[in-house]
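Student: Take this structure, written in structure tokens, and hold onto it; I'll ask about it next.
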Amino acid sequence: MSLLMENQFGELPPDKAIDTKTFLDTVSHIPAFFDCLGSKVFSIIKSDINGNITKIRAVYVTNPAKYTTLEDILVAEREAHGAEWPKIGATLALMWLKRGLCFIQILLQSLADGDRDENNPNLIRVNVTKAYEQALKRYHGWIVQKIFNAALLAAPYRSNFLKALSKGEEVKEEDCLANVRQFLVNYTATIDAIYEMYTNLNAELDYTV
């Protein structure tokens, strides 16, 4: 079974409320995705995602009954921190986490859509570049961008990446991409719901690191 299919996201309810515990339990498996990209340069994103998950969980465990959904956390922190919000606590951690998750979503969707460099069809550099430019680049200063440019050059071969997603098993490319497409259904819906929540609460911040 593929890495993605082992830890699929659940279908959201009609109101798109995201259960905090379920989300944290599922998303905790996502950092392993970056091991499939091979290069240690991608460990920057992996570490960032791990750190943000830890920060959100630290808030959640203080009062699970109060923080049933992710929106409960954001609303509570807005009331508690006033002018400091949203650049604080779990609100800030989730803001950056969703960007890392969006990077993965765009990368996988690009692969599923068949985007490729016709001159180098076995490279995923074009997919990784698309994901970085759309999900993360605007939030990074030039130093961080240079680090990621190095990561893009270190992106693995398409065949090696898909094999890693399949946990080393020899799986036909189309079967692996079918798993990717299935994984993306609820994963994409969850990310979209988080972005929509940040827009509705006016919690989005646009600054570079």
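Letters for chains follow the order of the structure tokens (A, B, ...), residue numbers begin at 1 for each chain, and ligand numbers begin at 1 in the order shown.
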Identify, on the basis of only C-alpha atoms, every residue whose closest approach to A:Ser110 does not exceed 9 Å; exclude the query and any residue fewer than 3 positions from it along the same chain; express the result as JSON, numbers by chain.

Tutor: {"A": [105, 106, 107, 113, 114, 115, 116, 126, 127, 128, 130, 131]}

Student: Take the selection from the previous step and output its residues with N, CA and C atoms, as a PDB file, in the first residue's frame.

Tutor:
```pdb
ATOM      1  N   GLN A 105       0.028  19.486  -2.064  1.00  0.00           N
ATOM      2  CA  GLN A 105      -1.169  19.333  -2.884  1.00  0.00           C
ATOM      3  C   GLN A 105      -0.900  19.724  -4.340  1.00  0.00           C
ATOM      4  N   ILE A 106      -0.251  20.847  -4.553  1.00  0.00           N
ATOM      5  CA  ILE A 106       0.024  21.314  -5.913  1.00  0.00           C
ATOM      6  C   ILE A 106       1.011  20.385  -6.610  1.00  0.00           C
ATOM      7  N   LEU A 107       2.017  19.920  -5.882  1.00  0.00           N
ATOM      8  CA  LEU A 107       2.991  18.990  -6.449  1.00  0.00           C
ATOM      9  C   LEU A 107       2.321  17.705  -6.908  1.00  0.00           C
ATOM     10  N   ASP A 113      -1.921  15.439 -13.055  1.00  0.00           N
ATOM     11  CA  ASP A 113      -2.395  16.083 -14.278  1.00  0.00           C
ATOM     12  C   ASP A 113      -1.494  15.807 -15.476  1.00  0.00           C
ATOM     13  N   GLY A 114      -0.331  15.206 -15.208  1.00  0.00           N
ATOM     14  CA  GLY A 114       0.575  14.871 -16.305  1.00  0.00           C
ATOM     15  C   GLY A 114       1.532  15.970 -16.698  1.00  0.00           C
ATOM     16  N   ASP A 115       1.679  17.007 -15.867  1.00  0.00           N
ATOM     17  CA  ASP A 115       2.659  18.056 -16.171  1.00  0.00           C
ATOM     18  C   ASP A 115       4.054  17.454 -16.178  1.00  0.00           C
ATOM     19  N   ARG A 116       4.828  17.722 -17.228  1.00  0.00           N
ATOM     20  CA  ARG A 116       6.198  17.222 -17.254  1.00  0.00           C
ATOM     21  C   ARG A 116       7.040  18.015 -18.235  1.00  0.00           C
ATOM     22  N   VAL A 126       9.818  20.207 -12.746  1.00  0.00           N
ATOM     23  CA  VAL A 126       8.755  21.104 -13.190  1.00  0.00           C
ATOM     24  C   VAL A 126       7.576  21.072 -12.213  1.00  0.00           C
ATOM     25  N   ASN A 127       7.293  19.914 -11.631  1.00  0.00           N
ATOM     26  CA  ASN A 127       6.187  19.789 -10.677  1.00  0.00           C
ATOM     27  C   ASN A 127       6.520  20.446  -9.343  1.00  0.00           C
ATOM     28  N   VAL A 128       7.750  20.224  -8.882  1.00  0.00           N
ATOM     29  CA  VAL A 128       8.191  20.820  -7.619  1.00  0.00           C
ATOM     30  C   VAL A 128       8.273  22.337  -7.746  1.00  0.00           C
ATOM     31  N   LYS A 130       6.541  24.282  -9.767  1.00  0.00           N
ATOM     32  CA  LYS A 130       5.179  24.803  -9.802  1.00  0.00           C
ATOM     33  C   LYS A 130       4.605  24.897  -8.389  1.00  0.00           C
ATOM     34  N   ALA A 131       4.828  23.855  -7.605  1.00  0.00           N
ATOM     35  CA  ALA A 131       4.311  23.818  -6.236  1.00  0.00           C
ATOM     36  C   ALA A 131       4.951  24.906  -5.385  1.00  0.00           C
TER      37      ALA A 131
END
```

Student: Could you make a table, as a Markdown table, of the residues of stretch 45-147 of chain A that have an atom within 12 Å of an atom of stretch 162-173 of chain A, each with its nearest atom pair and distance in Å to one decimal, counting only C-alpha atoms, in chain and number order?

Tutor:
```
| residue | atom | partner | partner_atom | distance |
| --- | --- | --- | --- | --- |
| A:Leu108 | CA | A:Leu162 | CA | 10.4 |
| A:Leu111 | CA | A:Leu162 | CA | 9.7 |
| A:Ala112 | CA | A:Glu173 | CA | 10.3 |
| A:Gly114 | CA | A:Glu173 | CA | 11.2 |
| A:Asn122 | CA | A:Leu162 | CA | 10.7 |
| A:Leu123 | CA | A:Leu162 | CA | 11.2 |
| A:Ile124 | CA | A:Leu162 | CA | 10.1 |
```

Student: Restricting the output to all heavy atoms, write the selected residues as a PDB file, in the first residue's frame.

Tutor:
```
ATOM      1  N   LEU A 108       1.513  17.111  -6.046  1.00  0.00           N
ATOM      2  CA  LEU A 108       0.840  15.859  -6.387  1.00  0.00           C
ATOM      3  C   LEU A 108      -0.180  16.062  -7.512  1.00  0.00           C
ATOM      4  O   LEU A 108      -0.307  15.219  -8.405  1.00  0.00           O
ATOM      5  CB  LEU A 108       0.150  15.288  -5.152  1.00  0.00           C
ATOM      6  CG  LEU A 108       1.071  14.753  -4.047  1.00  0.00           C
ATOM      7  CD1 LEU A 108       0.243  14.292  -2.848  1.00  0.00           C
ATOM      8  CD2 LEU A 108       1.946  13.611  -4.562  1.00  0.00           C
ATOM      9  N   LEU A 111       1.577  16.253 -10.814  1.00  0.00           N
ATOM     10  CA  LEU A 111       1.950  14.911 -11.286  1.00  0.00           C
ATOM     11  C   LEU A 111       0.735  14.179 -11.835  1.00  0.00           C
ATOM     12  O   LEU A 111       0.788  13.560 -12.898  1.00  0.00           O
ATOM     13  CB  LEU A 111       2.571  14.112 -10.145  1.00  0.00           C
ATOM     14  CG  LEU A 111       4.006  14.455  -9.762  1.00  0.00           C
ATOM     15  CD1 LEU A 111       4.355  13.833  -8.414  1.00  0.00           C
ATOM     16  CD2 LEU A 111       4.975  13.955 -10.835  1.00  0.00           C
ATOM     17  N   ALA A 112      -0.383  14.257 -11.101  1.00  0.00           N
ATOM     18  CA  ALA A 112      -1.607  13.578 -11.519  1.00  0.00           C
ATOM     19  C   ALA A 112      -2.138  14.135 -12.834  1.00  0.00           C
ATOM     20  O   ALA A 112      -2.721  13.399 -13.643  1.00  0.00           O
ATOM     21  CB  ALA A 112      -2.669  13.700 -10.430  1.00  0.00           C
ATOM     22  N   GLY A 114      -0.331  15.206 -15.208  1.00  0.00           N
ATOM     23  CA  GLY A 114       0.575  14.871 -16.305  1.00  0.00           C
ATOM     24  C   GLY A 114       1.532  15.970 -16.698  1.00  0.00           C
ATOM     25  O   GLY A 114       2.149  15.904 -17.778  1.00  0.00           O
ATOM     26  N   ASN A 122      11.567  12.278 -17.131  1.00  0.00           N
ATOM     27  CA  ASN A 122      11.689  11.509 -15.891  1.00  0.00           C
ATOM     28  C   ASN A 122      12.135  12.366 -14.717  1.00  0.00           C
ATOM     29  O   ASN A 122      12.542  11.865 -13.678  1.00  0.00           O
ATOM     30  CB  ASN A 122      12.652  10.323 -16.057  1.00  0.00           C
ATOM     31  CG  ASN A 122      12.491   9.289 -14.944  1.00  0.00           C
ATOM     32  OD1 ASN A 122      11.399   9.096 -14.420  1.00  0.00           O
ATOM     33  ND2 ASN A 122      13.584   8.641 -14.561  1.00  0.00           N
ATOM     34  N   LEU A 123      12.042  13.674 -14.873  1.00  0.00           N
ATOM     35  CA  LEU A 123      12.340  14.572 -13.760  1.00  0.00           C
ATOM     36  C   LEU A 123      11.040  15.168 -13.238  1.00  0.00           C
ATOM     37  O   LEU A 123      10.097  15.372 -14.004  1.00  0.00           O
ATOM     38  CB  LEU A 123      13.277  15.699 -14.200  1.00  0.00           C
ATOM     39  CG  LEU A 123      14.706  15.307 -14.628  1.00  0.00           C
ATOM     40  CD1 LEU A 123      15.478  16.561 -15.032  1.00  0.00           C
ATOM     41  CD2 LEU A 123      15.433  14.585 -13.505  1.00  0.00           C
ATOM     42  N   ILE A 124      10.984  15.467 -11.938  1.00  0.00           N
ATOM     43  CA  ILE A 124       9.790  16.114 -11.374  1.00  0.00           C
ATOM     44  C   ILE A 124      10.082  17.567 -11.010  1.00  0.00           C
ATOM     45  O   ILE A 124       9.309  18.197 -10.302  1.00  0.00           O
ATOM     46  CB  ILE A 124       9.245  15.363 -10.139  1.00  0.00           C
ATOM     47  CG1 ILE A 124      10.269  15.380  -8.991  1.00  0.00           C
ATOM     48  CG2 ILE A 124       8.833  13.950 -10.502  1.00  0.00           C
ATOM     49  CD1 ILE A 124       9.655  14.923  -7.664  1.00  0.00           C
TER      50      ILE A 124
END
```

Student: Would you pick out the contacts of A:Thr190 at 10 Å or less, using only C-alpha atoms, so that residues sharing its chain but fewer than 2 positions from it are not included, and give the list as a list in words?

Tutor: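 Here the answer would be Phe9, Gly10, Glu11, Leu12, Lys16, Ala17, Ile18, Phe23, Lys98, Leu101, Leu184, Val185, Asn186, Tyr187, Thr188, Asp192, Ala193, Ile194, Tyr195 and Glu196 of chain A.
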
Student: I want to know what sits within 10 Å of A:Val27, based on only C-alpha atoms, with residues of the same chain fewer than 3 positions away left out; could you give that as an NGL selection string?

Tutor: :A and (7-9 or 21-24 or 30-31 or 49-50 or 53 or 97 or 101 or 187)

Student: Would you save the residues of that selection, restricted to N, CA, C and O atoms, as a PDB file, in the first residue's frame?

Tutor:
```
ATOM      1  N   ASN A   7      -2.786   6.794   4.958  1.00  0.00           N
ATOM      2  CA  ASN A   7      -3.179   7.882   5.874  1.00  0.00           C
ATOM      3  C   ASN A   7      -4.021   8.924   5.146  1.00  0.00           C
ATOM      4  O   ASN A   7      -3.672  10.102   5.066  1.00  0.00           O
ATOM      5  N   GLN A   8      -5.146   8.472   4.613  1.00  0.00           N
ATOM      6  CA  GLN A   8      -6.016   9.382   3.889  1.00  0.00           C
ATOM      7  C   GLN A   8      -6.787  10.313   4.834  1.00  0.00           C
ATOM      8  O   GLN A   8      -7.094   9.944   5.963  1.00  0.00           O
ATOM      9  N   PHE A   9      -7.089  11.492   4.337  1.00  0.00           N
ATOM     10  CA  PHE A   9      -7.915  12.439   5.076  1.00  0.00           C
ATOM     11  C   PHE A   9      -9.382  12.042   4.922  1.00  0.00           C
ATOM     12  O   PHE A   9      -9.785  11.533   3.884  1.00  0.00           O
ATOM     13  N   LYS A  21      -8.710  16.954  16.497  1.00  0.00           N
ATOM     14  CA  LYS A  21      -7.979  15.728  16.814  1.00  0.00           C
ATOM     15  C   LYS A  21      -7.771  14.872  15.573  1.00  0.00           C
ATOM     16  O   LYS A  21      -6.661  14.389  15.316  1.00  0.00           O
ATOM     17  N   THR A  22      -8.820  14.701  14.782  1.00  0.00           N
ATOM     18  CA  THR A  22      -8.718  13.900  13.560  1.00  0.00           C
ATOM     19  C   THR A  22      -7.706  14.512  12.601  1.00  0.00           C
ATOM     20  O   THR A  22      -6.878  13.808  12.014  1.00  0.00           O
ATOM     21  N   PHE A  23      -7.764  15.831  12.465  1.00  0.00           N
ATOM     22  CA  PHE A  23      -6.830  16.536  11.578  1.00  0.00           C
ATOM     23  C   PHE A  23      -5.393  16.336  12.033  1.00  0.00           C
ATOM     24  O   PHE A  23      -4.515  15.987  11.229  1.00  0.00           O
ATOM     25  N   LEU A  24      -5.138  16.541  13.319  1.00  0.00           N
ATOM     26  CA  LEU A  24      -3.775  16.417  13.834  1.00  0.00           C
ATOM     27  C   LEU A  24      -3.257  14.991  13.706  1.00  0.00           C
ATOM     28  O   LEU A  24      -2.090  14.770  13.356  1.00  0.00           O
ATOM     29  N   ILE A  30       2.072  13.312   7.389  1.00  0.00           N
ATOM     30  CA  ILE A  30       2.461  14.012   6.174  1.00  0.00           C
ATOM     31  C   ILE A  30       3.967  14.288   6.070  1.00  0.00           C
ATOM     32  O   ILE A  30       4.542  14.190   4.984  1.00  0.00           O
ATOM     33  N   PRO A  31       4.670  14.651   7.159  1.00  0.00           N
ATOM     34  CA  PRO A  31       6.089  14.939   7.017  1.00  0.00           C
ATOM     35  C   PRO A  31       6.897  13.832   6.355  1.00  0.00           C
ATOM     36  O   PRO A  31       7.907  14.099   5.690  1.00  0.00           O
ATOM     37  N   ILE A  49       6.814  21.818   8.994  1.00  0.00           N
ATOM     38  CA  ILE A  49       5.500  21.194   9.163  1.00  0.00           C
ATOM     39  C   ILE A  49       5.417  20.482  10.505  1.00  0.00           C
ATOM     40  O   ILE A  49       4.429  20.621  11.239  1.00  0.00           O
ATOM     41  N   ASN A  50       6.443  19.735  10.847  1.00  0.00           N
ATOM     42  CA  ASN A  50       6.465  19.052  12.150  1.00  0.00           C
ATOM     43  C   ASN A  50       6.320  20.042  13.298  1.00  0.00           C
ATOM     44  O   ASN A  50       5.561  19.818  14.248  1.00  0.00           O
ATOM     45  N   ILE A  53       2.747  21.484  13.512  1.00  0.00           N
ATOM     46  CA  ILE A  53       1.813  20.484  14.046  1.00  0.00           C
ATOM     47  C   ILE A  53       1.952  20.404  15.564  1.00  0.00           C
ATOM     48  O   ILE A  53       0.958  20.352  16.296  1.00  0.00           O
ATOM     49  N   LEU A  97       1.390  26.005   8.346  1.00  0.00           N
ATOM     50  CA  LEU A  97       1.175  24.588   8.060  1.00  0.00           C
ATOM     51  C   LEU A  97       0.366  24.416   6.774  1.00  0.00           C
ATOM     52  O   LEU A  97       0.700  23.586   5.924  1.00  0.00           O
ATOM     53  N   LEU A 101       1.235  22.255   3.395  1.00  0.00           N
ATOM     54  CA  LEU A 101       0.307  21.248   2.888  1.00  0.00           C
ATOM     55  C   LEU A 101      -0.116  21.588   1.458  1.00  0.00           C
ATOM     56  O   LEU A 101      -0.289  20.694   0.621  1.00  0.00           O
ATOM     57  N   TYR A 187      -7.970  15.394   0.762  1.00  0.00           N
ATOM     58  CA  TYR A 187      -6.830  16.224   1.170  1.00  0.00           C
ATOM     59  C   TYR A 187      -7.010  17.651   0.651  1.00  0.00           C
ATOM     60  O   TYR A 187      -6.882  18.633   1.400  1.00  0.00           O
TER      61      TYR A 187
END
```

Student: Mind checking which residues fall within 12 Å of A:Asp48, counting only C-alpha atoms, ignoring those fewer than 3 positions away in the same chain, and posting them as an MDAnalysis selection string?

Tutor: chainID A and resid 30:31 34 42:45 51:55 93:101

Student: Enumerate, as a PDB file with C-alpha atoms, in the first residue's frame, the complete set of residues in stretch 52-83 of chain A that a backbone-based DSSP assignment places in alpha helix (DSSP H).

Tutor:
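To be explicit, this is the file written out as out_8.pdb:
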```
ATOM      1  CA  ASN A  52       3.713  23.701  13.365  1.00  0.00           C
ATOM      2  CA  ILE A  53       1.813  20.484  14.046  1.00  0.00           C
ATOM      3  CA  THR A  54       3.458  20.346  17.474  1.00  0.00           C
ATOM      4  CA  LYS A  55       2.449  23.945  18.232  1.00  0.00           C
ATOM      5  CA  ILE A  56      -1.181  23.355  17.273  1.00  0.00           C
ATOM      6  CA  ARG A  57      -1.341  20.123  19.261  1.00  0.00           C
ATOM      7  CA  ALA A  58       0.128  21.872  22.308  1.00  0.00           C
ATOM      8  CA  VAL A  59      -2.794  24.293  22.288  1.00  0.00           C
ATOM      9  CA  TYR A  60      -5.385  21.603  21.580  1.00  0.00           C
ATOM     10  CA  LEU A  70      -9.689  24.182  14.153  1.00  0.00           C
ATOM     11  CA  GLU A  71     -11.949  27.212  13.909  1.00  0.00           C
ATOM     12  CA  ASP A  72     -12.608  26.973  17.656  1.00  0.00           C
ATOM     13  CA  ILE A  73      -8.890  27.491  18.222  1.00  0.00           C
ATOM     14  CA  LEU A  74      -8.633  30.498  15.924  1.00  0.00           C
ATOM     15  CA  VAL A  75     -11.693  32.194  17.402  1.00  0.00           C
ATOM     16  CA  ALA A  76     -10.502  31.582  20.968  1.00  0.00           C
ATOM     17  CA  GLU A  77      -7.036  32.954  20.217  1.00  0.00           C
ATOM     18  CA  ARG A  78      -8.542  36.014  18.518  1.00  0.00           C
ATOM     19  CA  GLU A  79     -10.542  36.759  21.670  1.00  0.00           C
ATOM     20  CA  ALA A  80      -7.607  36.081  23.989  1.00  0.00           C
ATOM     21  CA  HIS A  81      -4.814  37.954  22.210  1.00  0.00           C
TER      22      HIS A  81
END
```

Student: Hey, can you check how far atom CA of A:Asp25 sits from atom CA of A:Asn63?

Tutor: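 Straight-line distance from atom CA of A:Asp25 to atom CA of A:Asn63 works out to 16.4 Å.
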
Student: Considering only C-alpha atoms, can you say which of A:Ser2, A:Thr20, A:Asn149, A:Thr199 comes closest to A:Pro64?

Tutor: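 Among the listed residues, the smallest separation from A:Pro64 belongs to A:Thr20.
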
Student: So the first atom is atom CA of A:Val41 and the second is atom CA of A:Tyr207; what is the distance between them in Å, to one decimal place?

Tutor: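 A separation of 22.5 Å between them.
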
Student: Separation of atom CA of A:Ala90 and atom CA of A:Asn202, in Å?

Tutor: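 According to the coordinates, atom CA of A:Ala90 and atom CA of A:Asn202 are separated by 15.2 Å.
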
Student: Restricting the calculation to only C-alpha atoms, which member of A:Ala151, A:Cys102, A:Tyr157, A:Pro13 is positioned closest to A:Gln134?

Tutor: A:Cys102

Student: Residues within 9 Å of A:Gly38, please, as a ChimeraX atom specification. Count only C-alpha atoms; anything in the same chain fewer than 5 positions from it doesn't count.

Tutor: /A:154-156,161

Student: Keeping only N, CA and C atoms, write the selected residues to a file as a PDB file, in the first residue's frame.

Tutor:
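Full text of selection_25.pdb as output:
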```
ATOM      1  N   ALA A 154      17.761  19.461  -6.848  1.00  0.00           N
ATOM      2  CA  ALA A 154      18.024  18.156  -6.247  1.00  0.00           C
ATOM      3  C   ALA A 154      16.805  17.232  -6.271  1.00  0.00           C
ATOM      4  N   ALA A 155      15.732  17.675  -6.918  1.00  0.00           N
ATOM      5  CA  ALA A 155      14.515  16.859  -6.964  1.00  0.00           C
ATOM      6  C   ALA A 155      14.802  15.512  -7.617  1.00  0.00           C
ATOM      7  N   PRO A 156      14.206  14.441  -7.122  1.00  0.00           N
ATOM      8  CA  PRO A 156      14.506  13.094  -7.611  1.00  0.00           C
ATOM      9  C   PRO A 156      13.894  12.808  -8.981  1.00  0.00           C
ATOM     10  N   PHE A 161      10.681   8.802  -7.336  1.00  0.00           N
ATOM     11  CA  PHE A 161       9.726   9.444  -6.435  1.00  0.00           C
ATOM     12  C   PHE A 161       8.451   8.611  -6.305  1.00  0.00           C
TER      13      PHE A 161
END
```

Student: For a quick check of understanding, using only C-alpha atoms, which of A:Leu3, A:Leu37, A:Leu136, A:Leu177 has the smallest distance to A:Leu153?

Tutor: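 Using only C-alpha atoms, A:Leu153 sits closest to A:Leu37.
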